[in-house]
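Engineer: Provided herewith: query_9.txt, compact mmCIF, C-alpha atoms and all ligand atoms.
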# COMPACT_ATOMS: atom_id res chain seq x y z
CA MET A 1 -18.68 -15.96 4.59
CA ALA A 2 -15.44 -14.77 3.00
CA PRO A 3 -15.12 -15.35 -0.72
CA SER A 4 -12.83 -18.22 -1.54
CA LEU A 5 -10.45 -18.50 -4.43
CA GLU A 6 -11.03 -22.23 -4.45
CA GLU A 7 -14.80 -22.29 -4.58
CA PRO A 8 -16.04 -19.29 -6.51
CA THR A 9 -19.70 -18.72 -5.93
CA PRO A 10 -20.77 -15.06 -6.00
CA ALA A 11 -20.04 -13.29 -9.27
CA SER A 12 -18.17 -10.61 -7.37
CA THR A 13 -15.50 -12.93 -5.94
CA ALA A 14 -13.11 -15.56 -7.21
CA ALA A 15 -14.86 -16.27 -10.51
CA TYR A 16 -14.57 -12.59 -11.21
CA LEU A 17 -10.86 -12.65 -10.43
CA ALA A 18 -10.24 -15.25 -13.04
CA ALA A 19 -12.14 -13.18 -15.60
CA PRO A 20 -11.67 -9.48 -14.97
CA THR A 21 -14.36 -7.17 -16.33
CA LYS A 22 -12.50 -6.10 -19.40
CA ALA A 23 -13.04 -9.07 -21.73
CA ALA A 24 -9.76 -10.95 -21.78
CA PRO A 25 -8.83 -12.51 -25.13
CA ASN A 26 -8.92 -16.28 -25.43
CA LEU A 27 -5.22 -17.01 -25.83
CA VAL A 28 -4.03 -20.14 -27.60
CA ALA A 29 -0.79 -20.36 -25.55
CA PRO A 30 0.41 -19.09 -22.16
CA GLU A 31 1.68 -15.53 -22.11
CA PRO A 32 5.47 -15.34 -22.50
CA GLU A 33 7.60 -13.86 -19.72
CA HIS A 34 7.92 -10.33 -21.12
CA CYS A 35 4.28 -10.11 -22.21
CA PRO A 36 3.03 -6.51 -22.03
CA GLY A 37 -0.41 -7.90 -21.08
CA PRO A 38 -3.06 -9.04 -23.56
CA GLU A 39 -5.23 -6.08 -22.56
CA SER A 40 -2.54 -3.44 -22.89
CA GLU A 41 -2.25 -0.91 -25.71
CA GLN A 42 0.92 -2.69 -26.83
CA ALA A 43 -0.70 -6.15 -26.99
CA GLY A 44 0.21 -7.91 -30.21
CA LYS A 45 2.42 -4.98 -31.28
CA GLY A 46 5.28 -4.80 -28.76
CA ASP A 47 8.74 -6.29 -29.32
CA ALA A 48 7.90 -9.08 -26.87
CA CYS A 49 4.95 -10.06 -29.06
CA ALA A 50 7.11 -10.92 -32.08
CA GLY A 51 6.74 -14.65 -32.64
CA CYS A 52 4.16 -15.13 -29.87
CA PRO A 53 1.46 -17.63 -30.93
CA ASN A 54 -1.20 -15.26 -29.53
CA GLN A 55 -0.13 -12.28 -31.61
CA SER A 56 -3.10 -12.11 -33.99
CA ILE A 57 -5.62 -12.62 -31.14
CA CYS A 58 -4.02 -9.89 -29.01
CA ALA A 59 -3.64 -7.47 -31.90
CA SER A 60 -7.38 -7.70 -32.66
CA THR A 61 -8.59 -7.34 -29.06
CA PRO A 62 -10.40 -4.00 -28.58
CA LYS A 63 -8.25 -1.40 -26.79
CA GLY A 64 -9.14 1.86 -25.16
CA PRO A 65 -9.81 3.31 -21.74
CA ASP A 66 -10.59 0.75 -19.07
CA PRO A 67 -14.39 0.74 -18.57
CA ASP A 68 -13.87 -0.01 -14.87
CA ILE A 69 -12.08 3.25 -14.14
CA PRO A 70 -15.30 5.32 -13.85
CA LEU A 71 -16.69 2.63 -11.49
CA ILE A 72 -13.55 2.80 -9.35
CA THR A 73 -13.69 6.58 -9.33
CA ALA A 74 -17.33 6.50 -8.19
CA ARG A 75 -16.60 3.86 -5.56
CA LEU A 76 -13.75 5.86 -4.06
CA SER A 77 -15.46 9.23 -4.29
CA GLY A 78 -16.12 9.19 -0.53
CA ILE A 79 -12.39 9.01 0.28
CA ARG A 80 -10.81 12.41 0.75
CA HIS A 81 -7.14 11.43 0.61
CA LYS A 82 -5.44 8.43 -0.96
CA ILE A 83 -1.84 7.95 0.10
CA LEU A 84 0.51 5.32 -1.34
CA VAL A 85 3.34 3.92 0.78
CA LEU A 86 6.28 2.84 -1.39
CA SER A 87 9.78 1.56 -0.81
CA GLY A 88 12.48 0.80 -3.33
CA LYS A 89 13.66 -2.15 -1.31
CA GLY A 90 12.19 -4.94 0.81
CA GLY A 91 13.14 -5.11 4.48
CA VAL A 92 12.87 -1.42 5.27
CA GLY A 93 9.76 -1.99 7.40
CA LYS A 94 7.30 -0.56 4.90
CA SER A 95 4.27 -2.60 5.99
CA THR A 96 5.11 -1.95 9.63
CA PHE A 97 5.38 1.73 8.80
CA SER A 98 2.04 1.62 6.93
CA THR A 99 0.29 0.14 9.96
CA LEU A 100 1.93 2.70 12.26
CA LEU A 101 0.85 5.45 9.89
CA ALA A 102 -2.74 4.15 9.77
CA HIS A 103 -2.94 3.79 13.56
CA ALA A 104 -1.41 7.22 14.04
CA PHE A 105 -3.90 8.84 11.65
CA ALA A 106 -6.70 6.95 13.43
CA SER A 107 -5.48 8.06 16.86
CA ASN A 108 -7.49 11.18 16.12
CA PRO A 109 -11.03 9.88 16.81
CA ASP A 110 -12.45 12.49 14.45
CA SER A 111 -10.69 10.90 11.44
CA SER A 112 -11.79 7.77 9.61
CA VAL A 113 -9.00 5.74 8.08
CA GLY A 114 -8.59 2.71 5.83
CA ILE A 115 -5.54 0.60 5.05
CA MET A 116 -5.39 -1.47 1.85
CA ASP A 117 -2.79 -4.19 1.37
CA THR A 118 -1.81 -4.54 -2.28
CA ASP A 119 1.12 -6.84 -1.52
CA ILE A 120 -0.59 -9.84 -3.04
CA CYS A 121 2.32 -12.26 -2.66
CA GLY A 122 3.16 -11.33 0.93
CA PRO A 123 0.13 -9.81 2.63
CA SER A 124 1.05 -8.98 6.22
CA ILE A 125 -1.34 -6.18 7.12
CA PRO A 126 -4.08 -8.43 8.64
CA LYS A 127 -1.57 -9.99 11.05
CA MET A 128 -0.13 -6.62 11.99
CA MET A 129 -3.60 -5.16 12.49
CA GLY A 130 -4.72 -8.11 14.61
CA VAL A 131 -7.51 -9.20 12.25
CA GLU A 132 -5.83 -12.20 10.65
CA THR A 133 -8.64 -14.63 11.38
CA GLU A 134 -11.44 -12.30 10.34
CA THR A 135 -13.48 -12.85 7.20
CA ILE A 136 -14.87 -10.20 4.93
CA HIS A 137 -18.57 -9.67 4.59
CA VAL A 138 -20.03 -9.61 1.09
CA SER A 139 -23.28 -7.79 0.42
CA ASN A 140 -25.03 -6.25 -2.57
CA ALA A 141 -23.15 -3.04 -1.85
CA GLY A 142 -19.77 -4.79 -2.17
CA TRP A 143 -17.11 -6.17 0.16
CA SER A 144 -17.00 -4.62 3.60
CA PRO A 145 -13.54 -3.94 4.99
CA VAL A 146 -12.65 -5.51 8.33
CA TRP A 147 -12.92 -2.85 11.01
CA VAL A 148 -9.96 -2.92 13.39
CA THR A 149 -11.40 -0.13 15.51
CA ASP A 150 -14.40 2.15 15.11
CA ASN A 151 -12.49 4.44 12.76
CA LEU A 152 -9.90 2.14 11.16
CA GLY A 153 -10.73 -0.46 8.48
CA ALA A 154 -8.43 -2.91 6.67
CA MET A 155 -8.63 -4.85 3.42
CA SER A 156 -6.19 -7.46 2.17
CA VAL A 157 -5.97 -10.44 -0.18
CA GLN A 158 -5.21 -12.44 2.95
CA PHE A 159 -8.92 -12.37 3.80
CA MET A 160 -9.67 -14.18 0.57
CA LEU A 161 -7.22 -17.05 0.94
CA PRO A 162 -8.65 -20.32 2.25
CA ASN A 163 -5.38 -21.03 4.06
CA ARG A 164 -3.07 -18.29 5.34
CA ASP A 165 0.01 -20.36 4.47
CA ASP A 166 -0.99 -20.70 0.81
CA ALA A 167 1.38 -19.02 -1.63
CA VAL A 168 -0.18 -16.76 -4.26
CA ILE A 169 1.65 -17.59 -7.46
CA TRP A 170 0.12 -15.28 -10.00
CA ARG A 171 1.39 -13.44 -13.03
CA GLY A 172 0.82 -9.76 -13.72
CA PRO A 173 -2.64 -9.75 -15.36
CA LYS A 174 -4.22 -11.84 -12.60
CA LYS A 175 -2.64 -9.69 -9.89
CA ASN A 176 -3.91 -6.62 -11.68
CA GLY A 177 -7.40 -8.15 -11.81
CA LEU A 178 -7.41 -8.57 -8.05
CA ILE A 179 -6.18 -5.04 -7.39
CA LYS A 180 -8.87 -3.75 -9.70
CA GLN A 181 -11.45 -5.72 -7.81
CA PHE A 182 -10.20 -4.33 -4.49
CA LEU A 183 -10.63 -0.84 -5.79
CA LYS A 184 -13.94 -1.49 -7.50
CA ASP A 185 -15.81 -3.68 -5.06
CA VAL A 186 -14.69 -2.70 -1.57
CA GLU A 187 -17.28 -0.52 0.08
CA TRP A 188 -15.10 1.88 2.07
CA GLY A 189 -17.81 4.48 2.47
CA GLU A 190 -16.70 7.89 3.72
CA LEU A 191 -13.02 7.96 4.71
CA ASP A 192 -10.64 10.78 5.48
CA TYR A 193 -7.51 8.80 4.59
CA LEU A 194 -6.85 5.58 2.68
CA ILE A 195 -3.33 4.25 3.17
CA VAL A 196 -2.33 1.94 0.30
CA ASP A 197 0.50 -0.41 1.27
CA THR A 198 2.35 -1.66 -1.81
CA PRO A 199 4.95 -4.40 -2.32
CA PRO A 200 8.60 -3.33 -2.55
CA GLY A 201 10.03 -2.26 -5.89
CA THR A 202 8.45 -0.84 -9.00
CA SER A 203 6.33 -3.71 -10.26
CA ASP A 204 2.96 -4.48 -11.86
CA GLU A 205 1.09 -3.73 -8.65
CA HIS A 206 2.39 -0.16 -8.51
CA LEU A 207 1.50 0.53 -12.10
CA SER A 208 -1.98 -0.97 -11.64
CA VAL A 209 -2.74 0.98 -8.49
CA ASN A 210 -1.52 4.18 -10.04
CA SER A 211 -3.31 3.80 -13.38
CA LEU A 212 -6.57 2.72 -11.74
CA LEU A 213 -6.51 5.44 -9.10
CA LYS A 214 -5.33 8.27 -11.30
CA GLU A 215 -8.86 9.40 -12.20
CA SER A 216 -10.06 9.27 -8.61
CA GLY A 217 -7.04 11.25 -7.49
CA VAL A 218 -4.08 9.84 -5.58
CA ASP A 219 -2.68 12.54 -3.31
CA GLY A 220 0.79 11.10 -3.63
CA ALA A 221 3.31 8.65 -2.26
CA VAL A 222 5.27 8.46 0.97
CA LEU A 223 8.62 6.77 0.30
CA VAL A 224 10.19 4.69 3.07
CA THR A 225 13.89 3.99 3.43
CA THR A 226 16.43 3.00 6.07
CA PRO A 227 19.59 5.04 6.62
CA GLN A 228 22.11 2.79 4.82
CA GLU A 229 23.32 3.50 1.30
CA VAL A 230 22.14 0.09 0.07
CA SER A 231 18.57 1.16 0.80
CA LEU A 232 19.00 4.72 -0.45
CA LEU A 233 20.22 3.33 -3.74
CA ASP A 234 16.83 1.73 -4.36
CA VAL A 235 14.93 4.80 -3.16
CA ARG A 236 16.55 6.78 -5.98
CA LYS A 237 14.98 4.27 -8.40
CA GLU A 238 11.62 4.62 -6.66
CA ILE A 239 11.83 8.41 -6.97
CA ASP A 240 12.57 7.99 -10.66
CA PHE A 241 9.63 5.57 -10.99
CA CYS A 242 7.25 8.06 -9.33
CA ARG A 243 8.42 10.84 -11.60
CA LYS A 244 8.00 8.70 -14.72
CA ALA A 245 4.60 7.40 -13.61
CA GLY A 246 3.40 10.89 -12.67
CA ILE A 247 2.96 10.05 -8.97
CA ARG A 248 3.44 13.04 -6.70
CA ILE A 249 6.05 12.38 -4.00
CA LEU A 250 4.74 13.60 -0.66
CA GLY A 251 8.11 12.98 0.93
CA LEU A 252 10.67 10.54 2.28
CA VAL A 253 10.63 8.90 5.72
CA GLU A 254 13.72 7.32 7.26
CA ASN A 255 12.63 4.23 9.15
CA MET A 256 14.79 2.30 11.67
CA SER A 257 16.65 5.54 12.15
CA GLY A 258 18.59 4.80 15.33
CA PHE A 259 17.50 2.65 18.25
CA ALA A 260 15.49 4.24 21.01
CA CYS A 261 16.10 2.42 24.32
CA PRO A 262 12.67 1.84 25.89
CA LYS A 263 14.14 2.44 29.38
CA CYS A 264 16.43 5.44 29.15
CA LYS A 265 15.15 6.75 25.77
CA HIS A 266 18.77 7.11 24.59
CA GLU A 267 19.18 6.68 20.82
CA SER A 268 21.99 4.57 19.26
CA GLN A 269 22.71 4.27 15.54
CA ILE A 270 22.19 0.61 14.52
CA PHE A 271 22.05 1.20 10.76
CA ARG A 272 24.57 3.97 10.43
CA ALA A 273 23.94 6.49 7.67
CA THR A 274 27.22 6.16 5.79
CA THR A 275 26.25 8.63 3.07
CA GLY A 276 24.10 11.09 4.98
CA GLY A 277 20.91 9.02 5.25
CA GLY A 278 17.41 9.89 4.11
CA LYS A 279 17.58 13.56 5.01
CA ARG A 280 20.54 14.24 2.77
CA LEU A 281 19.07 12.16 -0.06
CA ALA A 282 15.76 14.04 0.15
CA LYS A 283 17.59 17.35 -0.06
CA LYS A 284 19.67 16.16 -2.98
CA MET A 285 16.66 14.82 -4.89
CA GLY A 286 14.54 17.88 -4.12
CA ILE A 287 11.79 16.07 -2.21
CA PRO A 288 10.43 16.82 1.28
CA PHE A 289 11.90 14.93 4.24
CA LEU A 290 8.97 13.92 6.42
CA GLY A 291 10.90 12.64 9.42
CA ALA A 292 12.93 9.83 10.95
CA VAL A 293 11.34 7.01 12.95
CA PRO A 294 13.70 5.24 15.39
CA LEU A 295 13.73 1.50 16.01
CA ASP A 296 11.89 0.31 19.07
CA PRO A 297 11.79 -3.46 19.72
CA ARG A 298 8.23 -3.08 20.96
CA VAL A 299 7.10 -2.08 17.44
CA GLY A 300 7.82 -5.61 16.18
CA MET A 301 6.09 -7.13 19.21
CA ALA A 302 3.05 -4.91 18.77
CA CYS A 303 2.82 -5.99 15.11
CA ASP A 304 3.15 -9.67 16.02
CA PHE A 305 0.34 -9.31 18.53
CA GLY A 306 -1.74 -7.14 16.17
CA GLU A 307 -1.80 -4.22 18.59
CA SER A 308 -1.51 -0.52 17.98
CA PHE A 309 1.99 0.51 19.00
CA VAL A 310 1.15 4.21 19.04
CA ASP A 311 -1.76 3.59 21.42
CA SER A 312 0.12 1.13 23.64
CA TYR A 313 3.33 3.17 23.92
CA PRO A 314 2.41 6.78 23.22
CA ASP A 315 5.55 8.10 24.97
CA SER A 316 8.00 6.07 22.87
CA PRO A 317 10.25 8.24 20.65
CA ALA A 318 9.05 6.07 17.74
CA SER A 319 5.38 6.91 18.48
CA ILE A 320 6.15 10.60 18.76
CA ALA A 321 8.15 10.48 15.52
CA ILE A 322 5.41 8.70 13.57
CA LYS A 323 2.80 11.17 14.79
CA LYS A 324 4.99 14.02 13.61
CA VAL A 325 5.21 12.26 10.23
CA VAL A 326 1.41 12.06 10.17
CA ARG A 327 1.15 15.81 10.74
CA SER A 328 3.66 16.40 7.93
CA VAL A 329 1.85 14.05 5.55
CA GLY A 330 -1.43 15.76 6.43
CA GLN A 331 0.10 19.11 5.62
CA MET A 332 1.42 17.79 2.30
CA VAL A 333 -2.08 16.67 1.28
CA GLY A 334 -3.48 20.10 2.08
CA GLU A 335 -4.83 19.60 5.58
CA ASP A 336 -4.18 21.72 8.63
CA PRO A 337 -1.80 19.58 10.76
CA ASP A 338 -3.78 20.56 13.86
CA ASN A 339 -6.88 19.00 12.33
CA VAL A 340 -4.98 15.87 11.30
CA LEU A 341 -3.46 15.32 14.73
CA PRO A 342 -3.52 18.13 17.28
CA GLU A 343 -0.15 19.01 18.85
CA ASN A 344 -1.33 17.80 22.28
CA MET A 345 -1.94 14.28 20.85
CA VAL A 346 1.64 13.94 19.57
CA ALA A 347 3.61 13.75 22.80
S1 LIG B 401 0.93 -11.32 -28.34
FE1 LIG B 401 1.99 -9.96 -26.95
S2 LIG B 401 0.41 -9.35 -25.50
FE2 LIG B 401 -0.37 -11.15 -26.55
S3 LIG B 401 0.21 -12.86 -25.20
FE3 LIG B 401 1.82 -12.63 -26.76
S4 LIG B 401 3.33 -11.31 -25.77
FE4 LIG B 401 1.43 -11.10 -24.58
In structure tokens, write the structure found in this file.
Ligand code: SF4

Structural biologist:
Amino acid sequence: MAPSLEEPTPASTAAYLAAPTKAAPNLVAPEPEHCPGPESEQAGKGDACAGCPNQSICASTPKGPDPDIPLITARLSGIRHKILVLSGKGGVGKSTFSTLLAHAFASNPDSSVGIMDTDICGPSIPKMMGVETETIHVSNAGWSPVWVTDNLGAMSVQFMLPNRDDAVIWRGPKKNGLIKQFLKDVEWGELDYLIVDTPPGTSDEHLSVNSLLKESGVDGAVLVTTPQEVSLLDVRKEIDFCRKAGIRILGLVENMSGFACPKCKHESQIFRATTGGGKRLAKKMGIPFLGAVPLDPRVGMACDFGESFVDSYPDSPASIAIKKVVRSVGQMVGEDPDNVLPENMVA
């Protein structure tokens, strides 16, 4: 039975979420809006703490390295490559791109792939992977991911919600607790690639994933944009965030880059690149450009039906483009592109 947030029973599920492993201080008042987090190094000392009724409690809480980090590192030691998917802006098709990327990596039957949904407030990966109604299995070894195919597993907060229409209204520390639990308790086993889908922007979730995975080695981040300047504007911020947070940028992908007609294969520019698009931005910012993936209306349909677009429509320009991106990403993480996805599996 899937763990429920409403009825916590096993210690490793909802009860744990409410009380993450690092002993949380017993606050006398709710955390104010700009709280740095009662468990952070700045707790009780930061500017936001001035005048907070919890100040003396937070200031006296023991600080130091998170004791869960070695556990996370051990848990993820069987995963060869961990790849974050980031976007500066919502609406660029990041989750869709993450599922395409995971399916494309998994189209090589010799690779084992996982996809982890850290978008706690808007988890969409289970729907897109066609496993929305599945439940996760809990054993002594941890939580088992839901296997979409023999070599592709998925994990999302969606599996833990009693009702898929429930909103998750959580503040930073609780979100961070759940991400930590994902990383610590999910039994991924041996994987070649773990794709980590993140929410848009540069929020708590990104910082948590990065700080918790740093020890176990994140290969880097793939940034997703669309061609318009309004999207590129936010990608510049995301690039800055990665540089400040010490996350290696594997490269930039331009999604929705033109429309590929399913019949004649002709490409039209729906979102015109008024300022040169992703390719020019990548060059300007000194990061690799991994490729451009055109729009195909069947991508949205495949996601709605939880099917693999790259398997259903292997000849689509979008499928070919995403497979080329996979080869480029593989190369960026130090693999031979022909081992990641042989040339004859691309087109
Ligand atoms: S003292 Fe600082 S860290 Fe503690 S609850 Fe208040 S604002 Fe947050």

Engineer: Could you check which of A:Leu84, A:Val333, A:Asp311, A:Ala154 is closest to Ile247 (chain A), using only C-alpha atoms?

Structural biologist: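 Checking each of A:Leu84, A:Val333, A:Asp311, A:Ala154 against Ile247 (chain A), counting only C-alpha atoms, the winner is A:Leu84.
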
Engineer: Residues within 6 Å of ligand LIG 401 (chain B) should be enumerated using all atoms listed in the file and returned as a PyMOL selection string.

Structural biologist: chain A and resi 31-32+35-38+43-44+48-49+52+54-55+58

Engineer: As an exercise, work out the distance from CA of Ala318 (chain A) to CA of Ala292 (chain A) in Å and give it to one decimal place.

Structural biologist: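 For CA of Ala318 (chain A) relative to CA of Ala292 (chain A), the distance reads 8.7 Å.
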
Engineer: Given only C-alpha atoms as the basis, pick out the residue of A:Ile320, A:Gly220, A:Leu252, A:Tyr313 nearest to Leu290 (chain A).

Structural biologist: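 The answer is A:Leu252, which sits nearest to Leu290 (chain A).
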
Engineer: Measuring atom to atom with only C-alpha atoms, identify which of A:Ala347, A:Val340, A:Ala221, A:Val329 is nearest to Ser87 (chain A).

Structural biologist: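 With only C-alpha atoms as the atom set, the closest residue is A:Ala221.
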